[in-house]
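Structure file final.cif (mmCIF, C-alpha atoms) is printed below.
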```
data_run
loop_
_atom_site.group_PDB
_atom_site.id
_atom_site.type_symbol
_atom_site.label_atom_id
_atom_site.label_comp_id
_atom_site.auth_asym_id
_atom_site.auth_seq_id
_atom_site.Cartn_x
_atom_site.Cartn_y
_atom_site.Cartn_z
ATOM 1 C CA MET M 1 8.850 -25.434 -0.937
ATOM 2 C CA ILE M 2 6.847 -24.584 -4.050
ATOM 3 C CA VAL M 3 8.501 -23.227 -7.190
ATOM 4 C CA PHE M 4 6.059 -20.994 -9.078
ATOM 5 C CA PRO M 5 7.114 -20.313 -12.680
ATOM 6 C CA ALA M 6 5.727 -16.919 -13.669
ATOM 7 C CA ILE M 7 3.738 -15.836 -16.688
ATOM 8 C CA ASP M 8 3.335 -12.064 -16.843
ATOM 9 C CA LEU M 9 0.843 -10.833 -19.420
ATOM 10 C CA LYS M 10 0.991 -7.573 -21.363
ATOM 11 C CA GLY M 11 -1.162 -7.147 -24.429
ATOM 12 C CA GLY M 12 -1.771 -10.886 -24.515
ATOM 13 C CA GLU M 13 1.956 -11.658 -24.694
ATOM 14 C CA VAL M 14 4.307 -13.304 -22.205
ATOM 15 C CA VAL M 15 6.686 -10.641 -20.924
ATOM 16 C CA ARG M 16 8.984 -9.764 -18.037
ATOM 17 C CA LEU M 17 9.449 -6.248 -16.754
ATOM 18 C CA ALA M 18 12.570 -4.681 -15.273
ATOM 19 C CA GLU M 19 11.833 -3.282 -11.799
ATOM 20 C CA GLY M 20 8.116 -3.225 -12.568
ATOM 21 C CA ASP M 21 8.504 -0.675 -15.364
ATOM 22 C CA MET M 22 5.951 -1.251 -18.141
ATOM 23 C CA ASP M 23 8.210 0.608 -20.572
ATOM 24 C CA ARG M 24 10.994 -1.913 -19.922
ATOM 25 C CA ALA M 25 9.220 -5.084 -21.012
ATOM 26 C CA THR M 26 10.929 -7.991 -22.742
ATOM 27 C CA VAL M 27 8.611 -10.211 -24.779
ATOM 28 C CA TYR M 28 9.210 -13.959 -24.457
ATOM 29 C CA GLY M 29 6.264 -15.336 -26.389
ATOM 30 C CA ASP M 30 2.823 -14.745 -27.839
ATOM 31 C CA ASN M 31 1.146 -17.976 -26.674
ATOM 32 C CA PRO M 32 0.657 -17.932 -22.881
ATOM 33 C CA ALA M 33 -1.198 -21.249 -22.825
ATOM 34 C CA ALA M 34 1.635 -23.004 -24.661
ATOM 35 C CA GLN M 35 4.101 -21.537 -22.162
ATOM 36 C CA ALA M 36 1.989 -22.857 -19.302
ATOM 37 C CA MET M 37 2.091 -26.328 -20.826
ATOM 38 C CA LEU M 38 5.885 -26.180 -21.143
ATOM 39 C CA PHE M 39 6.115 -25.404 -17.440
ATOM 40 C CA ALA M 40 3.768 -28.310 -16.669
ATOM 41 C CA GLU M 41 5.887 -30.659 -18.755
ATOM 42 C CA ALA M 42 8.917 -29.625 -16.685
ATOM 43 C CA GLY M 43 7.093 -30.714 -13.541
ATOM 44 C CA ALA M 44 5.435 -27.517 -12.326
ATOM 45 C CA GLU M 45 2.259 -28.069 -10.324
ATOM 46 C CA HIS M 46 1.760 -24.385 -9.513
ATOM 47 C CA LEU M 47 1.801 -21.344 -11.767
ATOM 48 C CA HIS M 48 1.922 -17.636 -10.968
ATOM 49 C CA VAL M 49 0.146 -15.434 -13.511
ATOM 50 C CA VAL M 50 0.000 -11.633 -13.512
ATOM 51 C CA ASP M 51 -2.237 -9.426 -15.641
ATOM 52 C CA LEU M 52 0.191 -6.519 -15.848
ATOM 53 C CA ASP M 53 -2.184 -4.319 -17.814
ATOM 54 C CA GLY M 54 -4.845 -5.073 -15.228
ATOM 55 C CA SER M 55 -2.544 -3.939 -12.411
ATOM 56 C CA PHE M 56 -2.630 -0.421 -13.810
ATOM 57 C CA ALA M 57 -6.219 -0.437 -15.087
ATOM 58 C CA GLY M 58 -7.742 -1.913 -11.931
ATOM 59 C CA ARG M 59 -9.671 -4.488 -13.944
ATOM 60 C CA ALA M 60 -8.993 -7.582 -16.068
ATOM 61 C CA GLU M 61 -7.224 -6.691 -19.312
ATOM 62 C CA ASN M 62 -5.863 -10.095 -20.370
ATOM 63 C CA ARG M 63 -8.863 -12.258 -19.572
ATOM 64 C CA GLU M 64 -8.701 -14.392 -22.712
ATOM 65 C CA ALA M 65 -5.053 -15.231 -22.083
ATOM 66 C CA VAL M 66 -5.756 -16.133 -18.459
ATOM 67 C CA GLU M 67 -8.683 -18.326 -19.479
ATOM 68 C CA ALA M 68 -6.464 -20.144 -21.967
ATOM 69 C CA ILE M 69 -3.796 -20.696 -19.333
ATOM 70 C CA VAL M 70 -6.260 -22.069 -16.779
ATOM 71 C CA GLU M 71 -7.704 -24.428 -19.393
ATOM 72 C CA ALA M 72 -4.273 -25.652 -20.505
ATOM 73 C CA PHE M 73 -2.445 -25.925 -17.183
ATOM 74 C CA PRO M 74 -3.257 -29.112 -15.199
ATOM 75 C CA GLY M 75 -2.118 -27.729 -11.838
ATOM 76 C CA TYR M 76 -2.932 -24.747 -9.640
ATOM 77 C CA VAL M 77 -3.005 -21.222 -11.069
ATOM 78 C CA GLN M 78 -2.365 -18.245 -8.802
ATOM 79 C CA LEU M 79 -3.487 -14.956 -10.390
ATOM 80 C CA GLY M 80 -2.821 -11.301 -9.628
ATOM 81 C CA GLY M 81 -3.290 -7.965 -11.345
ATOM 82 C CA GLY M 82 -6.109 -5.472 -10.908
ATOM 83 C CA ILE M 83 -8.359 -7.685 -8.751
ATOM 84 C CA ARG M 84 -10.037 -5.127 -6.520
ATOM 85 C CA ASP M 85 -13.701 -6.024 -6.057
ATOM 86 C CA ALA M 86 -15.818 -9.001 -4.998
ATOM 87 C CA LYS M 87 -17.221 -9.581 -8.486
ATOM 88 C CA ALA M 88 -13.726 -9.939 -9.941
ATOM 89 C CA VAL M 89 -12.642 -12.309 -7.158
ATOM 90 C CA GLU M 90 -15.700 -14.512 -7.619
ATOM 91 C CA GLY M 91 -15.333 -14.483 -11.378
ATOM 92 C CA TRP M 92 -11.764 -15.754 -11.307
ATOM 93 C CA PHE M 93 -12.525 -18.503 -8.792
ATOM 94 C CA ASN M 94 -15.505 -19.614 -10.886
ATOM 95 C CA LEU M 95 -13.188 -19.756 -13.893
ATOM 96 C CA GLY M 96 -10.914 -22.195 -12.088
ATOM 97 C CA VAL M 97 -8.172 -20.005 -10.624
ATOM 98 C CA ALA M 98 -6.907 -21.594 -7.399
ATOM 99 C CA ARG M 99 -5.720 -18.459 -5.588
ATOM 100 C CA VAL M 100 -6.172 -14.734 -6.136
ATOM 101 C CA VAL M 101 -3.449 -12.219 -5.311
ATOM 102 C CA MET M 102 -4.505 -8.819 -3.973
ATOM 103 C CA GLY M 103 -2.040 -5.958 -3.593
ATOM 104 C CA SER M 104 -3.387 -2.431 -3.975
ATOM 105 C CA ALA M 105 -6.666 -3.462 -2.340
ATOM 106 C CA ALA M 106 -4.774 -4.851 0.651
ATOM 107 C CA LEU M 107 -3.341 -1.417 1.423
ATOM 108 C CA LYS M 108 -6.340 0.711 0.505
ATOM 109 C CA ASP M 109 -9.186 -1.498 1.733
ATOM 110 C CA PRO M 110 -7.847 -4.165 4.121
ATOM 111 C CA ASP M 111 -11.310 -4.922 5.527
ATOM 112 C CA PHE M 112 -12.482 -5.935 2.067
ATOM 113 C CA VAL M 113 -9.501 -8.248 1.604
ATOM 114 C CA LYS M 114 -10.180 -9.820 5.003
ATOM 115 C CA GLU M 115 -13.807 -10.342 3.979
ATOM 116 C CA MET M 116 -12.666 -12.092 0.809
ATOM 117 C CA ALA M 117 -10.252 -14.250 2.823
ATOM 118 C CA ARG M 118 -13.116 -15.385 5.029
ATOM 119 C CA GLU M 119 -15.388 -16.065 2.076
ATOM 120 C CA TRP M 120 -12.771 -17.857 -0.036
ATOM 121 C CA GLU M 121 -10.917 -20.000 2.482
ATOM 122 C CA SER M 122 -7.236 -20.503 1.604
ATOM 123 C CA GLY M 123 -7.821 -18.633 -1.647
ATOM 124 C CA ILE M 124 -6.524 -15.112 -1.010
ATOM 125 C CA VAL M 125 -2.855 -14.144 -1.214
ATOM 126 C CA VAL M 126 -1.794 -10.671 -0.084
ATOM 127 C CA ALA M 127 0.935 -9.080 -2.204
ATOM 128 C CA VAL M 128 3.423 -7.116 -0.148
ATOM 129 C CA ASP M 129 5.501 -5.290 -2.740
ATOM 130 C CA ALA M 130 8.451 -3.382 -1.334
ATOM 131 C CA LYS M 131 10.585 -0.509 -2.500
ATOM 132 C CA ASP M 132 13.223 0.412 0.065
ATOM 133 C CA GLY M 133 11.123 -1.294 2.733
ATOM 134 C CA MET M 134 7.922 0.615 1.914
ATOM 135 C CA VAL M 135 4.782 -0.794 0.280
ATOM 136 C CA ALA M 136 4.220 0.007 -3.408
ATOM 137 C CA THR M 137 0.809 -0.138 -5.108
ATOM 138 C CA GLU M 138 -1.001 0.515 -8.411
ATOM 139 C CA GLY M 139 1.254 -1.786 -10.403
ATOM 140 C CA TRP M 140 4.201 -0.463 -8.356
ATOM 141 C CA ALA M 141 3.668 3.010 -9.785
ATOM 142 C CA GLU M 142 3.010 4.481 -6.335
ATOM 143 C CA VAL M 143 5.020 4.079 -3.121
ATOM 144 C CA SER M 144 3.170 4.452 0.177
ATOM 145 C CA ASP M 145 4.378 5.494 3.626
ATOM 146 C CA VAL M 146 3.492 2.076 5.076
ATOM 147 C CA ARG M 147 6.251 -0.321 6.025
ATOM 148 C CA VAL M 148 6.100 -3.874 4.677
ATOM 149 C CA GLU M 149 5.943 -5.514 8.097
ATOM 150 C CA ASP M 150 3.152 -3.197 9.233
ATOM 151 C CA LEU M 151 0.976 -4.070 6.249
ATOM 152 C CA ALA M 152 1.644 -7.774 6.689
ATOM 153 C CA ARG M 153 0.670 -7.716 10.365
ATOM 154 C CA ARG M 154 -2.759 -6.309 9.486
ATOM 155 C CA PHE M 155 -3.639 -9.674 7.988
ATOM 156 C CA GLU M 156 -2.579 -11.975 10.795
ATOM 157 C CA ASP M 157 -5.502 -14.174 11.855
ATOM 158 C CA ALA M 158 -7.444 -12.936 8.800
ATOM 159 C CA GLY M 159 -7.330 -16.269 7.008
ATOM 160 C CA VAL M 160 -5.151 -15.248 4.062
ATOM 161 C CA ALA M 161 -3.331 -18.164 2.462
ATOM 162 C CA SER M 162 0.054 -16.468 2.237
ATOM 163 C CA LEU M 163 1.981 -13.259 1.661
ATOM 164 C CA LEU M 164 3.685 -12.640 -1.664
ATOM 165 C CA PHE M 165 6.769 -10.537 -0.980
ATOM 166 C CA THR M 166 8.467 -8.842 -3.918
ATOM 167 C CA ASP M 167 11.570 -6.676 -3.764
ATOM 168 C CA ILE M 168 10.778 -4.355 -6.674
ATOM 169 C CA GLY M 169 14.362 -3.187 -7.043
ATOM 170 C CA ARG M 170 15.376 -6.735 -7.925
ATOM 171 C CA ASP M 171 12.367 -7.855 -9.940
ATOM 172 C CA GLY M 172 13.320 -8.877 -13.459
ATOM 173 C CA MET M 173 16.909 -7.777 -12.874
ATOM 174 C CA LEU M 174 18.586 -11.150 -12.139
ATOM 175 C CA LYS M 175 20.320 -9.609 -9.126
ATOM 176 C CA GLY M 176 19.486 -12.505 -6.838
ATOM 177 C CA CYS M 177 16.515 -12.890 -4.530
ATOM 178 C CA ASN M 178 16.455 -10.799 -1.347
ATOM 179 C CA VAL M 179 16.523 -13.869 0.867
ATOM 180 C CA GLN M 180 17.226 -11.994 4.096
ATOM 181 C CA ALA M 181 14.308 -9.574 3.709
ATOM 182 C CA THR M 182 12.017 -12.476 2.826
ATOM 183 C CA VAL M 183 13.069 -14.461 5.880
ATOM 184 C CA ASP M 184 12.769 -11.382 8.110
ATOM 185 C CA LEU M 185 9.177 -10.899 6.968
ATOM 186 C CA ALA M 186 8.355 -14.585 7.452
ATOM 187 C CA ARG M 187 9.700 -14.414 10.995
ATOM 188 C CA ALA M 188 7.757 -11.223 11.729
ATOM 189 C CA VAL M 189 4.340 -12.700 10.953
ATOM 190 C CA ASP M 190 2.511 -15.979 11.359
ATOM 191 C CA ILE M 191 1.636 -16.224 7.664
ATOM 192 C CA PRO M 192 3.545 -18.244 5.039
ATOM 193 C CA VAL M 193 5.614 -16.083 2.683
ATOM 194 C CA ILE M 194 6.300 -16.516 -1.037
ATOM 195 C CA ALA M 195 9.544 -14.956 -2.269
ATOM 196 C CA SER M 196 9.636 -13.012 -5.521
ATOM 197 C CA GLY M 197 11.964 -10.701 -7.390
ATOM 198 C CA GLY M 198 15.459 -11.180 -8.733
ATOM 199 C CA VAL M 199 15.881 -14.964 -8.784
ATOM 200 C CA LYS M 200 18.884 -15.608 -10.999
ATOM 201 C CA GLY M 201 19.748 -19.275 -10.515
ATOM 202 C CA LEU M 202 19.815 -22.394 -8.370
ATOM 203 C CA ASP M 203 21.688 -20.647 -5.551
ATOM 204 C CA ASP M 204 18.584 -18.596 -4.821
ATOM 205 C CA ILE M 205 16.398 -21.706 -4.764
ATOM 206 C CA HIS M 206 18.872 -23.460 -2.491
ATOM 207 C CA MET M 207 19.134 -20.568 -0.022
ATOM 208 C CA LEU M 208 15.370 -20.180 0.221
ATOM 209 C CA ALA M 209 14.820 -23.929 0.591
ATOM 210 C CA LEU M 210 17.203 -23.917 3.549
ATOM 211 C CA GLN M 211 14.919 -21.350 5.197
ATOM 212 C CA ALA M 212 11.639 -23.061 4.335
ATOM 213 C CA ASP M 213 11.064 -23.985 7.964
ATOM 214 C CA GLN M 214 11.099 -20.276 8.834
ATOM 215 C CA GLY M 215 7.812 -19.846 6.980
ATOM 216 C CA ILE M 216 8.901 -19.701 3.334
ATOM 217 C CA GLU M 217 6.125 -21.352 1.325
ATOM 218 C CA GLY M 218 7.566 -20.872 -2.129
ATOM 219 C CA VAL M 219 9.433 -18.793 -4.673
ATOM 220 C CA ILE M 220 8.395 -17.189 -7.958
ATOM 221 C CA THR M 221 10.800 -17.151 -10.867
ATOM 222 C CA GLY M 222 10.437 -15.746 -14.353
ATOM 223 C CA ARG M 223 13.272 -14.157 -16.291
ATOM 224 C CA ALA M 224 15.847 -16.722 -15.120
ATOM 225 C CA LEU M 225 13.679 -19.457 -16.649
ATOM 226 C CA TYR M 226 13.031 -17.625 -19.908
ATOM 227 C CA GLU M 227 16.699 -16.835 -20.410
ATOM 228 C CA GLY M 228 17.913 -20.346 -19.622
ATOM 229 C CA ARG M 229 19.726 -19.436 -16.421
ATOM 230 C CA LEU M 230 17.551 -21.739 -14.341
ATOM 231 C CA ASP M 231 16.282 -25.209 -15.210
ATOM 232 C CA LEU M 232 12.776 -25.573 -13.829
ATOM 233 C CA ALA M 233 12.874 -29.340 -13.258
ATOM 234 C CA THR M 234 16.149 -29.030 -11.348
ATOM 235 C CA ALA M 235 14.788 -26.115 -9.300
ATOM 236 C CA ILE M 236 11.679 -28.071 -8.352
ATOM 237 C CA ALA M 237 13.759 -31.072 -7.307
ATOM 238 C CA MET M 238 16.027 -28.868 -5.189
ATOM 239 C CA ALA M 239 13.048 -27.164 -3.522
ATOM 240 C CA ASN M 240 11.569 -30.537 -2.583
ATOM 241 C CA ARG M 241 14.667 -31.979 -0.935
#
```

Kindly present the structure from the file in structure tokens form.
Amino acid sequence: MIVFPAIDLKGGEVVRLAEGDMDRATVYGDNPAAQAMLFAEAGAEHLHVVDLDGSFAGRAENREAVEAIVEAFPGYVQLGGGIRDAKAVEGWFNLGVARVVMGSAALKDPDFVKEMAREWESGIVVAVDAKDGMVATEGWAEVSDVRVEDLARRFEDAGVASLLFTDIGRDGMLKGCNVQATVDLARAVDIPVIASGGVKGLDDIHMLALQADQGIEGVITGRALYEGRLDLATAIAMANR
């Protein structure tokens, strides 16, 4: 199972939000590339980066920071946030991003996302962000009437690399990952699932690793790392047992 340390970008700074609320951001640093290198030194081979400003704007807003991260980090960078057209997708892959995460576009224009998945084999991740079981979009500012499982099933056999499932109510809150909901989604579809939202310590890593054979590809963790509640090297070792 892959452990993805997270770097969320707001105004060029490394931040974490509480429940996806841009007004509840905690700043953890002003050098995203240096943070990426620290994660690499701890053994991370994969990195999850989000352009938070871009999620709301629908276009890249922290491009320079992302470029610096990709240049500094020796592993694979997975990027999300406001990526909603073919030009943006191509641009990020040409820059060196390994996988692109698409959320709002997956709900509003699934045919486009499927087209991108065919064009960029193993490069497209579909974000399935949930609030009370329903899909949220536009940087989580809007909640749809589509159930998480229903959205996920639209992309079976579409060639997407994985589903990124986030329980918004837990994101950045250190409440513990919603392991059961993640496993339920993984069992409902034939697409690997990445868990996100609420990781607070090694117990979450351990519980998800036990379910890896159910289709859990990885887990994203942010605030727990920044606040010293989770040691990245230990988490990676546990996930690889």

*Around the point (-1.4, -7.7, -7.5), in the coordinates given by the file, pick out the residues reaching within 7 Å, counting all atoms listed in the file, and return them as JSON, numbers by chain.*
{"M": [55, 80, 81, 82, 101, 102, 103, 104, 127]}

*Apply the PyMOL selection byres ((chain M and resi 116) around 12) to the displayed file and report the matching residues as an NGL selection string.*
:M and (83-90 or 93 or 99-102 or 105-106 or 109-115 or 117-126 or 155 or 158-161)

*Find the distance between atom CA of M:Glu67 and atom CA of M:Arg223 and write it in Å to one decimal.*
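If I compute the distance from atom CA of M:Glu67 to atom CA of M:Arg223, I get 22.6 Å.
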
List the spatial neighbours of M:Pro32 as a compact mmCIF listing (two decimals) with C-alpha atoms, in the coordinates of the input - criterion: any atom at most 7 Å away, all atoms listed in the file, same-chain residues fewer than 5 positions off excluded.
```
# COMPACT_ATOMS: atom_id res chain seq x y z
CA GLU M 13 1.96 -11.66 -24.69
CA VAL M 14 4.31 -13.30 -22.20
CA ALA M 65 -5.05 -15.23 -22.08
CA ILE M 69 -3.80 -20.70 -19.33
```

*asked:* For the PyMOL selection byres ((chain M and resi 200-205) around 12), applied here, can you spell out every residue it catches as a PyMOL selection string?
replied: chain M and resi 1-4+170-180+182+194-199+206-212+216-241
